[in-house]
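Heads up: the structure comes next, in structure tokens.
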Amino acid sequence: MEPRRPRRRAAAAVAAALTAFAALTATQAQAAPTRNTLTPATRFYVDPHGKAARQALVDFRNGDIDNGVNMARLASWPQAEWFTEGTPDEVRAKVGTLVRRARAVGRTPVLVAYNVPGRDCTQYSSGGAASSAAYRQWIDAFAAGIGTGEAVVVVEPDGTALLPEDCGPAADPTGALTDARIADLAYAVKTLKAKPRTTVYLDAGNVQWRPVGEMAQRLLDAGVRYGDGFALNVSNTHPTDHNARYGTWIAKCMWFATEGPEEARGHAERCADQYYSSAAPNDGAPGNAVSAADPSTWRWTDAWFDQNTGTPPADELRHFVIDTSRNGLGAWTPEPGKYTGDPEAWCNAPGRGLGPRPTADTGVPLVDAFLWIKVPGESDGSCTRNTGGTIDPEYGIVDPPAGAWWPDQAHTLARNAAPRLTFNR
């Protein structure tokens, strides 16, 4: 009789998971919000047939009860749906199906548009539409799929932070590709926001990437004014509070460069950032200069904004969302000296955990929502840490391709979740 115990435990766990999913479906059927901007009461859509739900069933069948329960817990939380390819007809149909399913249960779906030409500088997530004309047709179809339904759309992760001109000295010698990218992003934001109940956030990288002023100007150029704001930390692991400060600086910098003092108009580059502030003594003494690696020095950046922007009217500042799908334990730092080249700290960072649960009730000024935009458990690509081989030395294997489901990573993220992973009720 002893060998049959795991089966009984598995059956009980499956029953518990199915009960949780049933309860989730029932609660999703409550009334949906009617406004096209997020409020603390907004509830996001959960796909009951997502990858984590399927993994839970696999784990239970294998007698892996602990991981199965964790996957069932993970599956109960809302995660974004990425649209990365397909013909206009295909994307219209797929988006429309998702929006209708969410509407049927009174929830707001989170969608990611990720198909801009030349995306990711031909790296792990390379691809995208063949031309600007093809991309705009695709965006038109994406918007048509949403129709009058309610949706949150994150526009083109890395699209503004990794422009064609950033891909290398020979990647865009005339600047034509970068100009096209900026125009394509503005078209996407404007087209999607034209739908009556769509909330649109243009991606803006993360706190450890572009300086505040540079990112603020890129967002302004790429049409953030047409949408609701911007998105931070997509597919990354930097702490939530660090990104919240960065996003607040960006919002204030955009205001400074557009609505601030006359002499500031058009000069986002003057804004202090996570790397430098003229308000700091900058005399070489410890703590007297801004360091991106030491948030305690960011007080000097705060001081610059206090001095130069004060407290702008709240309704004149752009809001933002933060991806918390993998930042529960913060960013990964490899052992000193382990890698001679770029360790690709962003790429399938080992030992990470799920972060704050998805919610529109953040309690943080300007932060409209914490979202799981990167699907927990999907690979970033076949990272090599610039070692010259094909193996990821952190895992001892060839990592799955970008976007592929990786059960071991999903299990780790759930196991290391901070706060601890529970069922969404």
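By convention here, the chains of the structure tokens are called A, B, ... in the order presented, each chain's residues are numbered starting at 1, and ligands are numbered starting at 1 in the order presented.
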For Val189 in chain A, find every residue with an atom within 8 Å (counting only C-alpha atoms), except residues of its own chain fewer than 5 positions away, and show them as a compact mmCIF listing (two decimals) with N, CA and C atoms, in the first residue's frame.
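So the final result, stored in selection.txt, reads:
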# COMPACT_ATOMS: atom_id res chain seq x y z
N VAL A 155 3.74 48.39 -24.92
CA VAL A 155 4.22 48.52 -26.29
C VAL A 155 5.73 48.32 -26.37
N VAL A 200 -2.45 52.30 -22.40
CA VAL A 200 -1.25 52.01 -23.17
C VAL A 200 0.00 52.53 -22.45
N TYR A 201 0.98 51.63 -22.30
CA TYR A 201 2.26 51.98 -21.67
C TYR A 201 3.40 51.65 -22.63
N LEU A 202 4.21 52.65 -22.94
CA LEU A 202 5.36 52.48 -23.82
C LEU A 202 6.56 52.05 -22.99
N GLY A 223 6.31 59.27 -28.64
CA GLY A 223 4.86 59.41 -28.53
C GLY A 223 4.23 59.02 -27.23
N VAL A 224 4.99 59.07 -26.13
CA VAL A 224 4.38 58.70 -24.85
C VAL A 224 3.18 59.58 -24.54
N TYR A 226 0.79 60.33 -26.33
CA TYR A 226 -0.43 59.78 -26.90
C TYR A 226 -1.05 58.69 -26.02
N GLY A 227 -0.26 58.13 -25.11
CA GLY A 227 -0.73 57.03 -24.30
C GLY A 227 -0.94 57.42 -22.85
Would you give me, as JSON lines, each residue of range 246-317 of chain A having an atom within 12 Å of an atom of range 237-241 of chain A, along with its shortest atom pair and that distance in Å to one decimal, using only C-alpha atoms and sorting by chain and residue number?
{"residue": "A:Tyr246", "atom": "CA", "partner": "A:Asp241", "partner_atom": "CA", "distance": 8.6}
{"residue": "A:Gly247", "atom": "CA", "partner": "A:Asp241", "partner_atom": "CA", "distance": 9.8}
{"residue": "A:Thr248", "atom": "CA", "partner": "A:Asp241", "partner_atom": "CA", "distance": 10.6}
{"residue": "A:Ala292", "atom": "CA", "partner": "A:His238", "partner_atom": "CA", "distance": 11.8}
{"residue": "A:Ala293", "atom": "CA", "partner": "A:His238", "partner_atom": "CA", "distance": 11.2}
{"residue": "A:Pro295", "atom": "CA", "partner": "A:Asp241", "partner_atom": "CA", "distance": 10.0}
Excluding Thr37 in chain A and residues on its chain fewer than 4 positions from it, collect all residues at most 9 Å away from it, counting only C-alpha atoms, and give them as a PDB file with all heavy atoms, in the first residue's frame.
ATOM      1  N   VAL A 152      -5.081  46.413 -21.259  1.00  0.00           N
ATOM      2  CA  VAL A 152      -3.833  47.124 -20.989  1.00  0.00           C
ATOM      3  C   VAL A 152      -2.813  46.595 -21.991  1.00  0.00           C
ATOM      4  O   VAL A 152      -2.660  45.379 -22.138  1.00  0.00           O
ATOM      5  CB  VAL A 152      -3.338  46.868 -19.552  1.00  0.00           C
ATOM      6  CG1 VAL A 152      -1.933  47.440 -19.350  1.00  0.00           C
ATOM      7  CG2 VAL A 152      -4.300  47.471 -18.536  1.00  0.00           C
ATOM      8  N   ARG A 197     -11.279  51.868 -24.692  1.00  0.00           N
ATOM      9  CA  ARG A 197     -11.051  51.356 -23.336  1.00  0.00           C
ATOM     10  C   ARG A 197      -9.684  50.678 -23.211  1.00  0.00           C
ATOM     11  O   ARG A 197      -9.515  49.728 -22.464  1.00  0.00           O
ATOM     12  CB  ARG A 197     -12.178  50.385 -22.956  1.00  0.00           C
ATOM     13  CG  ARG A 197     -13.571  51.005 -23.045  1.00  0.00           C
ATOM     14  CD  ARG A 197     -14.653  49.987 -22.746  1.00  0.00           C
ATOM     15  NE  ARG A 197     -14.665  49.619 -21.348  1.00  0.00           N
ATOM     16  CZ  ARG A 197     -15.219  48.506 -20.873  1.00  0.00           C
ATOM     17  NH1 ARG A 197     -15.763  47.632 -21.726  1.00  0.00           N
ATOM     18  NH2 ARG A 197     -15.214  48.245 -19.588  1.00  0.00           N
ATOM     19  N   THR A 198      -8.728  51.225 -23.911  1.00  0.00           N
ATOM     20  CA  THR A 198      -7.383  50.661 -23.899  1.00  0.00           C
ATOM     21  C   THR A 198      -6.434  51.586 -23.148  1.00  0.00           C
ATOM     22  O   THR A 198      -6.395  52.790 -23.398  1.00  0.00           O
ATOM     23  CB  THR A 198      -6.862  50.448 -25.330  1.00  0.00           C
ATOM     24  OG1 THR A 198      -7.765  49.589 -26.026  1.00  0.00           O
ATOM     25  CG2 THR A 198      -5.485  49.813 -25.316  1.00  0.00           C
ATOM     26  N   THR A 199      -5.666  51.020 -22.233  1.00  0.00           N
ATOM     27  CA  THR A 199      -4.645  51.745 -21.478  1.00  0.00           C
ATOM     28  C   THR A 199      -3.294  51.326 -22.038  1.00  0.00           C
ATOM     29  O   THR A 199      -3.015  50.128 -22.136  1.00  0.00           O
ATOM     30  CB  THR A 199      -4.739  51.421 -19.982  1.00  0.00           C
ATOM     31  OG1 THR A 199      -6.081  51.630 -19.540  1.00  0.00           O
ATOM     32  CG2 THR A 199      -3.809  52.303 -19.170  1.00  0.00           C
ATOM     33  N   VAL A 200      -2.454  52.296 -22.396  1.00  0.00           N
ATOM     34  CA  VAL A 200      -1.247  52.011 -23.168  1.00  0.00           C
ATOM     35  C   VAL A 200      -0.005  52.531 -22.448  1.00  0.00           C
ATOM     36  O   VAL A 200       0.058  53.704 -22.064  1.00  0.00           O
ATOM     37  CB  VAL A 200      -1.328  52.648 -24.562  1.00  0.00           C
ATOM     38  CG1 VAL A 200      -0.086  52.305 -25.386  1.00  0.00           C
ATOM     39  CG2 VAL A 200      -2.585  52.178 -25.295  1.00  0.00           C
ATOM     40  N   ASP A 228      -0.830  56.440 -21.969  1.00  0.00           N
ATOM     41  CA  ASP A 228      -1.069  56.664 -20.551  1.00  0.00           C
ATOM     42  C   ASP A 228       0.207  56.755 -19.733  1.00  0.00           C
ATOM     43  O   ASP A 228       0.181  57.212 -18.590  1.00  0.00           O
ATOM     44  CB  ASP A 228      -1.938  55.526 -19.994  1.00  0.00           C
ATOM     45  CG  ASP A 228      -3.314  55.531 -20.629  1.00  0.00           C
ATOM     46  OD1 ASP A 228      -4.178  56.288 -20.167  1.00  0.00           O
ATOM     47  OD2 ASP A 228      -3.513  54.790 -21.612  1.00  0.00           O
ATOM     48  N   ASP A 368       0.907  52.805 -11.546  1.00  0.00           N
ATOM     49  CA  ASP A 368      -0.461  52.341 -11.771  1.00  0.00           C
ATOM     50  C   ASP A 368      -0.639  50.872 -11.429  1.00  0.00           C
ATOM     51  O   ASP A 368      -1.738  50.454 -11.049  1.00  0.00           O
ATOM     52  CB  ASP A 368      -0.856  52.553 -13.229  1.00  0.00           C
ATOM     53  CG  ASP A 368      -1.150  54.013 -13.545  1.00  0.00           C
ATOM     54  OD1 ASP A 368      -1.264  54.828 -12.604  1.00  0.00           O
ATOM     55  OD2 ASP A 368      -1.257  54.343 -14.746  1.00  0.00           O
TER      56      ASP A 368
END
**Request:** Once DSSP has gone over the backbone, tell me which residues of range 7-252 of chain A are in helix (DSSP H, G or I), as an MDAnalysis selection string.
**Result:** chainID A and resid 7:28 51:61 65:75 88:104 120:122 132:146 164:166 176:193 212:221 224:226 240:252
Backbone-only DSSP, strand (DSSP E) members of range 40-273 of chain A, as a PDB file with all heavy atoms, in the first residue's frame:
ATOM      1  N   GLU A  81      -0.013  38.411 -21.884  1.00  0.00           N
ATOM      2  CA  GLU A  81       0.001  37.595 -23.102  1.00  0.00           C
ATOM      3  C   GLU A  81       0.795  38.350 -24.153  1.00  0.00           C
ATOM      4  O   GLU A  81       0.475  39.498 -24.476  1.00  0.00           O
ATOM      5  CB  GLU A  81      -1.419  37.339 -23.586  1.00  0.00           C
ATOM      6  CG  GLU A  81      -1.505  36.439 -24.794  1.00  0.00           C
ATOM      7  CD  GLU A  81      -1.306  34.966 -24.471  1.00  0.00           C
ATOM      8  OE1 GLU A  81      -1.437  34.599 -23.288  1.00  0.00           O
ATOM      9  OE2 GLU A  81      -1.029  34.193 -25.417  1.00  0.00           O
ATOM     10  N   TRP A  82       1.840  37.698 -24.700  1.00  0.00           N
ATOM     11  CA  TRP A  82       2.710  38.345 -25.685  1.00  0.00           C
ATOM     12  C   TRP A  82       2.255  38.006 -27.100  1.00  0.00           C
ATOM     13  O   TRP A  82       1.956  36.843 -27.416  1.00  0.00           O
ATOM     14  CB  TRP A  82       4.151  37.892 -25.492  1.00  0.00           C
ATOM     15  CG  TRP A  82       4.806  38.445 -24.254  1.00  0.00           C
ATOM     16  CD1 TRP A  82       4.381  38.312 -22.959  1.00  0.00           C
ATOM     17  CD2 TRP A  82       6.006  39.222 -24.191  1.00  0.00           C
ATOM     18  NE1 TRP A  82       5.238  38.949 -22.091  1.00  0.00           N
ATOM     19  CE2 TRP A  82       6.252  39.513 -22.823  1.00  0.00           C
ATOM     20  CE3 TRP A  82       6.901  39.683 -25.155  1.00  0.00           C
ATOM     21  CZ2 TRP A  82       7.357  40.266 -22.412  1.00  0.00           C
ATOM     22  CZ3 TRP A  82       7.999  40.417 -24.739  1.00  0.00           C
ATOM     23  CH2 TRP A  82       8.212  40.716 -23.390  1.00  0.00           C
ATOM     24  N   PHE A  83       2.292  39.022 -27.954  1.00  0.00           N
ATOM     25  CA  PHE A  83       1.998  38.856 -29.375  1.00  0.00           C
ATOM     26  C   PHE A  83       3.249  39.287 -30.127  1.00  0.00           C
ATOM     27  O   PHE A  83       3.628  40.457 -30.094  1.00  0.00           O
ATOM     28  CB  PHE A  83       0.785  39.688 -29.756  1.00  0.00           C
ATOM     29  CG  PHE A  83      -0.470  39.240 -29.055  1.00  0.00           C
ATOM     30  CD1 PHE A  83      -0.771  39.695 -27.786  1.00  0.00           C
ATOM     31  CD2 PHE A  83      -1.320  38.323 -29.647  1.00  0.00           C
ATOM     32  CE1 PHE A  83      -1.909  39.261 -27.115  1.00  0.00           C
ATOM     33  CE2 PHE A  83      -2.461  37.872 -28.996  1.00  0.00           C
ATOM     34  CZ  PHE A  83      -2.750  38.343 -27.718  1.00  0.00           C
ATOM     35  N   VAL A 110      -3.867  41.861 -19.917  1.00  0.00           N
ATOM     36  CA  VAL A 110      -2.625  42.588 -20.161  1.00  0.00           C
ATOM     37  C   VAL A 110      -1.965  41.967 -21.389  1.00  0.00           C
ATOM     38  O   VAL A 110      -1.682  40.764 -21.405  1.00  0.00           O
ATOM     39  CB  VAL A 110      -1.677  42.517 -18.953  1.00  0.00           C
ATOM     40  CG1 VAL A 110      -0.384  43.262 -19.248  1.00  0.00           C
ATOM     41  CG2 VAL A 110      -2.347  43.093 -17.708  1.00  0.00           C
ATOM     42  N   LEU A 111      -1.743  42.784 -22.404  1.00  0.00           N
ATOM     43  CA  LEU A 111      -1.178  42.322 -23.663  1.00  0.00           C
ATOM     44  C   LEU A 111       0.144  43.023 -23.915  1.00  0.00           C
ATOM     45  O   LEU A 111       0.347  44.162 -23.493  1.00  0.00           O
ATOM     46  CB  LEU A 111      -2.128  42.618 -24.827  1.00  0.00           C
ATOM     47  CG  LEU A 111      -3.511  41.961 -24.861  1.00  0.00           C
ATOM     48  CD1 LEU A 111      -4.469  42.596 -23.857  1.00  0.00           C
ATOM     49  CD2 LEU A 111      -4.119  42.092 -26.252  1.00  0.00           C
ATOM     50  N   VAL A 112       1.040  42.338 -24.618  1.00  0.00           N
ATOM     51  CA  VAL A 112       2.314  42.920 -25.005  1.00  0.00           C
ATOM     52  C   VAL A 112       2.419  42.884 -26.527  1.00  0.00           C
ATOM     53  O   VAL A 112       2.308  41.816 -27.131  1.00  0.00           O
ATOM     54  CB  VAL A 112       3.502  42.156 -24.385  1.00  0.00           C
ATOM     55  CG1 VAL A 112       4.825  42.792 -24.818  1.00  0.00           C
ATOM     56  CG2 VAL A 112       3.398  42.137 -22.867  1.00  0.00           C
ATOM     57  N   ALA A 113       2.625  44.046 -27.128  1.00  0.00           N
ATOM     58  CA  ALA A 113       2.886  44.131 -28.560  1.00  0.00           C
ATOM     59  C   ALA A 113       4.392  44.124 -28.765  1.00  0.00           C
ATOM     60  O   ALA A 113       5.086  45.052 -28.329  1.00  0.00           O
ATOM     61  CB  ALA A 113       2.268  45.402 -29.138  1.00  0.00           C
ATOM     62  N   ALA A 151      -8.516  46.682 -22.241  1.00  0.00           N
ATOM     63  CA  ALA A 151      -7.207  46.031 -22.282  1.00  0.00           C
ATOM     64  C   ALA A 151      -6.133  46.994 -21.798  1.00  0.00           C
ATOM     65  O   ALA A 151      -6.265  48.211 -21.916  1.00  0.00           O
ATOM     66  CB  ALA A 151      -6.875  45.575 -23.703  1.00  0.00           C
ATOM     67  N   VAL A 152      -5.081  46.413 -21.259  1.00  0.00           N
ATOM     68  CA  VAL A 152      -3.833  47.124 -20.989  1.00  0.00           C
ATOM     69  C   VAL A 152      -2.813  46.595 -21.991  1.00  0.00           C
ATOM     70  O   VAL A 152      -2.660  45.379 -22.138  1.00  0.00           O
ATOM     71  CB  VAL A 152      -3.338  46.868 -19.552  1.00  0.00           C
ATOM     72  CG1 VAL A 152      -1.933  47.440 -19.350  1.00  0.00           C
ATOM     73  CG2 VAL A 152      -4.300  47.471 -18.536  1.00  0.00           C
ATOM     74  N   VAL A 153      -2.121  47.513 -22.680  1.00  0.00           N
ATOM     75  CA  VAL A 153      -1.125  47.098 -23.662  1.00  0.00           C
ATOM     76  C   VAL A 153       0.228  47.701 -23.316  1.00  0.00           C
ATOM     77  O   VAL A 153       0.340  48.926 -23.148  1.00  0.00           O
ATOM     78  CB  VAL A 153      -1.520  47.513 -25.090  1.00  0.00           C
ATOM     79  CG1 VAL A 153      -0.489  46.985 -26.087  1.00  0.00           C
ATOM     80  CG2 VAL A 153      -2.911  46.985 -25.445  1.00  0.00           C
ATOM     81  N   VAL A 154       1.241  46.849 -23.214  1.00  0.00           N
ATOM     82  CA  VAL A 154       2.623  47.289 -23.082  1.00  0.00           C
ATOM     83  C   VAL A 154       3.231  47.250 -24.476  1.00  0.00           C
ATOM     84  O   VAL A 154       3.225  46.206 -25.140  1.00  0.00           O
ATOM     85  CB  VAL A 154       3.410  46.382 -22.119  1.00  0.00           C
ATOM     86  CG1 VAL A 154       4.886  46.778 -22.087  1.00  0.00           C
ATOM     87  CG2 VAL A 154       2.812  46.460 -20.718  1.00  0.00           C
ATOM     88  N   VAL A 155       3.742  48.389 -24.924  1.00  0.00           N
ATOM     89  CA  VAL A 155       4.220  48.523 -26.293  1.00  0.00           C
ATOM     90  C   VAL A 155       5.728  48.319 -26.374  1.00  0.00           C
ATOM     91  O   VAL A 155       6.504  49.063 -25.775  1.00  0.00           O
ATOM     92  CB  VAL A 155       3.849  49.904 -26.860  1.00  0.00           C
ATOM     93  CG1 VAL A 155       4.440  50.104 -28.245  1.00  0.00           C
ATOM     94  CG2 VAL A 155       2.320  50.070 -26.901  1.00  0.00           C
ATOM     95  N   THR A 198      -8.728  51.225 -23.911  1.00  0.00           N
ATOM     96  CA  THR A 198      -7.383  50.661 -23.899  1.00  0.00           C
ATOM     97  C   THR A 198      -6.434  51.586 -23.148  1.00  0.00           C
ATOM     98  O   THR A 198      -6.395  52.790 -23.398  1.00  0.00           O
ATOM     99  CB  THR A 198      -6.862  50.448 -25.330  1.00  0.00           C
ATOM    100  OG1 THR A 198      -7.765  49.589 -26.026  1.00  0.00           O
ATOM    101  CG2 THR A 198      -5.485  49.813 -25.316  1.00  0.00           C
ATOM    102  N   THR A 199      -5.666  51.020 -22.233  1.00  0.00           N
ATOM    103  CA  THR A 199      -4.645  51.745 -21.478  1.00  0.00           C
ATOM    104  C   THR A 199      -3.294  51.326 -22.038  1.00  0.00           C
ATOM    105  O   THR A 199      -3.015  50.128 -22.136  1.00  0.00           O
ATOM    106  CB  THR A 199      -4.739  51.421 -19.982  1.00  0.00           C
ATOM    107  OG1 THR A 199      -6.081  51.630 -19.540  1.00  0.00           O
ATOM    108  CG2 THR A 199      -3.809  52.303 -19.170  1.00  0.00           C
ATOM    109  N   VAL A 200      -2.454  52.296 -22.396  1.00  0.00           N
ATOM    110  CA  VAL A 200      -1.247  52.011 -23.168  1.00  0.00           C
ATOM    111  C   VAL A 200      -0.005  52.531 -22.448  1.00  0.00           C
ATOM    112  O   VAL A 200       0.058  53.704 -22.064  1.00  0.00           O
ATOM    113  CB  VAL A 200      -1.328  52.648 -24.562  1.00  0.00           C
ATOM    114  CG1 VAL A 200      -0.086  52.305 -25.386  1.00  0.00           C
ATOM    115  CG2 VAL A 200      -2.585  52.178 -25.295  1.00  0.00           C
ATOM    116  N   TYR A 201       0.985  51.631 -22.296  1.00  0.00           N
ATOM    117  CA  TYR A 201       2.256  51.984 -21.673  1.00  0.00           C
ATOM    118  C   TYR A 201       3.397  51.654 -22.632  1.00  0.00           C
ATOM    119  O   TYR A 201       3.544  50.515 -23.071  1.00  0.00           O
ATOM    120  CB  TYR A 201       2.443  51.215 -20.365  1.00  0.00           C
ATOM    121  CG  TYR A 201       1.394  51.538 -19.326  1.00  0.00           C
ATOM    122  CD1 TYR A 201       0.268  50.726 -19.175  1.00  0.00           C
ATOM    123  CD2 TYR A 201       1.517  52.660 -18.520  1.00  0.00           C
ATOM    124  CE1 TYR A 201      -0.705  51.024 -18.234  1.00  0.00           C
ATOM    125  CE2 TYR A 201       0.539  52.968 -17.575  1.00  0.00           C
ATOM    126  CZ  TYR A 201      -0.567  52.151 -17.437  1.00  0.00           C
ATOM    127  OH  TYR A 201      -1.538  52.458 -16.510  1.00  0.00           O
ATOM    128  N   LEU A 202       4.207  52.647 -22.935  1.00  0.00           N
ATOM    129  CA  LEU A 202       5.364  52.485 -23.817  1.00  0.00           C
ATOM    130  C   LEU A 202       6.561  52.047 -22.987  1.00  0.00           C
ATOM    131  O   LEU A 202       6.885  52.671 -21.979  1.00  0.00           O
ATOM    132  CB  LEU A 202       5.655  53.809 -24.520  1.00  0.00           C
ATOM    133  CG  LEU A 202       6.852  53.875 -25.463  1.00  0.00           C
ATOM    134  CD1 LEU A 202       6.726  52.873 -26.598  1.00  0.00           C
ATOM    135  CD2 LEU A 202       6.992  55.300 -26.018  1.00  0.00           C
ATOM    136  N   ASP A 203       7.228  50.984 -23.417  1.00  0.00           N
ATOM    137  CA  ASP A 203       8.325  50.452 -22.615  1.00  0.00           C
ATOM    138  C   ASP A 203       9.471  51.453 -22.498  1.00  0.00           C
ATOM    139  O   ASP A 203       9.774  52.190 -23.432  1.00  0.00           O
ATOM    140  CB  ASP A 203       8.848  49.151 -23.223  1.00  0.00           C
ATOM    141  CG  ASP A 203       9.839  48.470 -22.305  1.00  0.00           C
ATOM    142  OD1 ASP A 203       9.404  47.875 -21.303  1.00  0.00           O
ATOM    143  OD2 ASP A 203      11.050  48.568 -22.553  1.00  0.00           O
ATOM    144  N   GLY A 229       1.323  56.304 -20.289  1.00  0.00           N
ATOM    145  CA  GLY A 229       2.570  56.345 -19.543  1.00  0.00           C
ATOM    146  C   GLY A 229       3.569  55.353 -20.095  1.00  0.00           C
ATOM    147  O   GLY A 229       3.599  55.085 -21.295  1.00  0.00           O
ATOM    148  N   PHE A 230       4.358  54.777 -19.209  1.00  0.00           N
ATOM    149  CA  PHE A 230       5.440  53.902 -19.652  1.00  0.00           C
ATOM    150  C   PHE A 230       5.568  52.692 -18.732  1.00  0.00           C
ATOM    151  O   PHE A 230       4.945  52.633 -17.665  1.00  0.00           O
ATOM    152  CB  PHE A 230       6.755  54.688 -19.744  1.00  0.00           C
ATOM    153  CG  PHE A 230       7.141  55.448 -18.495  1.00  0.00           C
ATOM    154  CD1 PHE A 230       8.041  54.922 -17.579  1.00  0.00           C
ATOM    155  CD2 PHE A 230       6.609  56.708 -18.239  1.00  0.00           C
ATOM    156  CE1 PHE A 230       8.399  55.623 -16.438  1.00  0.00           C
ATOM    157  CE2 PHE A 230       6.970  57.430 -17.104  1.00  0.00           C
ATOM    158  CZ  PHE A 230       7.863  56.879 -16.200  1.00  0.00           C
ATOM    159  N   ALA A 231       6.357  51.721 -19.175  1.00  0.00           N
ATOM    160  CA  ALA A 231       6.542  50.467 -18.445  1.00  0.00           C
ATOM    161  C   ALA A 231       8.023  50.286 -18.129  1.00  0.00           C
ATOM    162  O   ALA A 231       8.887  50.613 -18.944  1.00  0.00           O
ATOM    163  CB  ALA A 231       6.037  49.282 -19.262  1.00  0.00           C
ATOM    164  N   LEU A 232       8.318  49.736 -16.955  1.00  0.00           N
ATOM    165  CA  LEU A 232       9.698  49.540 -16.511  1.00  0.00           C
ATOM    166  C   LEU A 232       9.948  48.102 -16.082  1.00  0.00           C
ATOM    167  O   LEU A 232       9.042  47.399 -15.635  1.00  0.00           O
ATOM    168  CB  LEU A 232      10.010  50.464 -15.326  1.00  0.00           C
ATOM    169  CG  LEU A 232      10.027  51.971 -15.597  1.00  0.00           C
ATOM    170  CD1 LEU A 232      10.239  52.734 -14.295  1.00  0.00           C
ATOM    171  CD2 LEU A 232      11.099  52.335 -16.615  1.00  0.00           C
TER     172      LEU A 232
END
Env of Val99 in chain A: 12 Å cut, atoms = only C-alpha atoms, seq-sep filter 3 positions within chain, self excluded. Answer as a compact mmCIF listing (two decimals) with N, CA and C atoms, in the first residue's frame.
# COMPACT_ATOMS: atom_id res chain seq x y z
N PHE A 44 -7.09 42.02 -13.01
CA PHE A 44 -6.51 41.56 -14.27
C PHE A 44 -6.91 40.12 -14.59
N TYR A 45 -6.93 39.82 -15.87
CA TYR A 45 -7.39 38.52 -16.35
C TYR A 45 -6.35 37.43 -16.11
N VAL A 46 -6.84 36.28 -15.71
CA VAL A 46 -6.03 35.08 -15.53
C VAL A 46 -6.45 34.04 -16.55
N ASP A 47 -5.49 33.57 -17.34
CA ASP A 47 -5.76 32.50 -18.30
C ASP A 47 -5.75 31.17 -17.57
N GLU A 81 -0.01 38.41 -21.88
CA GLU A 81 0.00 37.59 -23.10
C GLU A 81 0.80 38.35 -24.15
N ARG A 92 -5.23 39.90 -35.24
CA ARG A 92 -6.57 40.42 -34.94
C ARG A 92 -7.42 39.34 -34.27
N ALA A 93 -7.35 38.15 -34.79
CA ALA A 93 -8.17 37.06 -34.24
C ALA A 93 -7.70 36.68 -32.84
N LYS A 94 -6.40 36.57 -32.66
CA LYS A 94 -5.88 36.14 -31.35
C LYS A 94 -6.13 37.19 -30.27
N VAL A 95 -5.90 38.45 -30.61
CA VAL A 95 -6.16 39.51 -29.64
C VAL A 95 -7.65 39.56 -29.32
N GLY A 96 -8.48 39.47 -30.35
CA GLY A 96 -9.91 39.51 -30.13
C GLY A 96 -10.41 38.39 -29.24
N ALA A 102 -11.60 37.68 -21.54
CA ALA A 102 -11.46 38.50 -20.34
C ALA A 102 -12.75 39.25 -20.03
N ARG A 103 -13.37 39.78 -21.06
CA ARG A 103 -14.62 40.52 -20.86
C ARG A 103 -15.70 39.61 -20.30
N ALA A 104 -15.71 38.36 -20.72
CA ALA A 104 -16.75 37.43 -20.27
C ALA A 104 -16.70 37.18 -18.78
N VAL A 105 -15.52 37.36 -18.17
CA VAL A 105 -15.40 37.14 -16.73
C VAL A 105 -15.12 38.44 -15.98
N GLY A 106 -15.29 39.57 -16.67
CA GLY A 106 -15.19 40.85 -16.00
C GLY A 106 -13.79 41.22 -15.56
N ARG A 107 -12.79 40.89 -16.38
CA ARG A 107 -11.41 41.18 -16.03
C ARG A 107 -10.72 41.94 -17.16
N THR A 108 -9.59 42.55 -16.83
CA THR A 108 -8.82 43.33 -17.79
C THR A 108 -7.59 42.54 -18.21
N PRO A 109 -7.43 42.22 -19.49
CA PRO A 109 -6.26 41.48 -19.93
C PRO A 109 -5.06 42.41 -20.11
N VAL A 110 -3.87 41.86 -19.92
CA VAL A 110 -2.63 42.59 -20.16
C VAL A 110 -1.96 41.97 -21.39
N LEU A 111 -1.74 42.78 -22.40
CA LEU A 111 -1.18 42.32 -23.66
C LEU A 111 0.14 43.02 -23.92
N PHE A 142 -3.98 44.64 -34.52
CA PHE A 142 -3.94 44.45 -33.06
C PHE A 142 -5.02 45.32 -32.41
N ALA A 143 -5.06 46.58 -32.79
CA ALA A 143 -6.05 47.50 -32.24
C ALA A 143 -7.46 47.06 -32.61
N ALA A 144 -7.64 46.59 -33.83
CA ALA A 144 -8.95 46.13 -34.27
C ALA A 144 -9.41 44.93 -33.43
N GLY A 145 -8.45 44.09 -33.04
CA GLY A 145 -8.79 42.95 -32.21
C GLY A 145 -9.30 43.37 -30.84
N ILE A 146 -8.74 44.46 -30.30
CA ILE A 146 -9.21 44.97 -29.01
C ILE A 146 -10.60 45.57 -29.16
N GLY A 147 -10.79 46.33 -30.23
CA GLY A 147 -12.10 46.93 -30.49
C GLY A 147 -12.56 47.79 -29.34
N THR A 148 -13.77 47.55 -28.87
CA THR A 148 -14.33 48.32 -27.75
C THR A 148 -14.10 47.63 -26.42
N GLY A 149 -13.35 46.53 -26.44
CA GLY A 149 -13.07 45.83 -25.21
C GLY A 149 -12.06 46.57 -24.35
N GLU A 150 -11.90 46.09 -23.14
CA GLU A 150 -10.95 46.71 -22.22
C GLU A 150 -9.63 45.95 -22.26
N ALA A 151 -8.52 46.68 -22.24
CA ALA A 151 -7.21 46.03 -22.28
C ALA A 151 -6.13 46.99 -21.80
N VAL A 152 -5.08 46.41 -21.26
CA VAL A 152 -3.83 47.12 -20.99
C VAL A 152 -2.81 46.60 -21.99
N VAL A 153 -2.12 47.51 -22.68
CA VAL A 153 -1.13 47.10 -23.66
C VAL A 153 0.23 47.70 -23.32
N ARG A 197 -11.28 51.87 -24.69
CA ARG A 197 -11.05 51.36 -23.34
C ARG A 197 -9.68 50.68 -23.21
N THR A 198 -8.73 51.22 -23.91
CA THR A 198 -7.38 50.66 -23.90
C THR A 198 -6.43 51.59 -23.15
**Item:** Selection: 8 Å around range 210-219 of chain A, only C-alpha atoms, excl. self and same-chain fewer than 2 positions, as number ranges by chain
**Value:** A: 160-161, 202, 204-208, 221-224, 246, 249-251, 253-254, 268-275
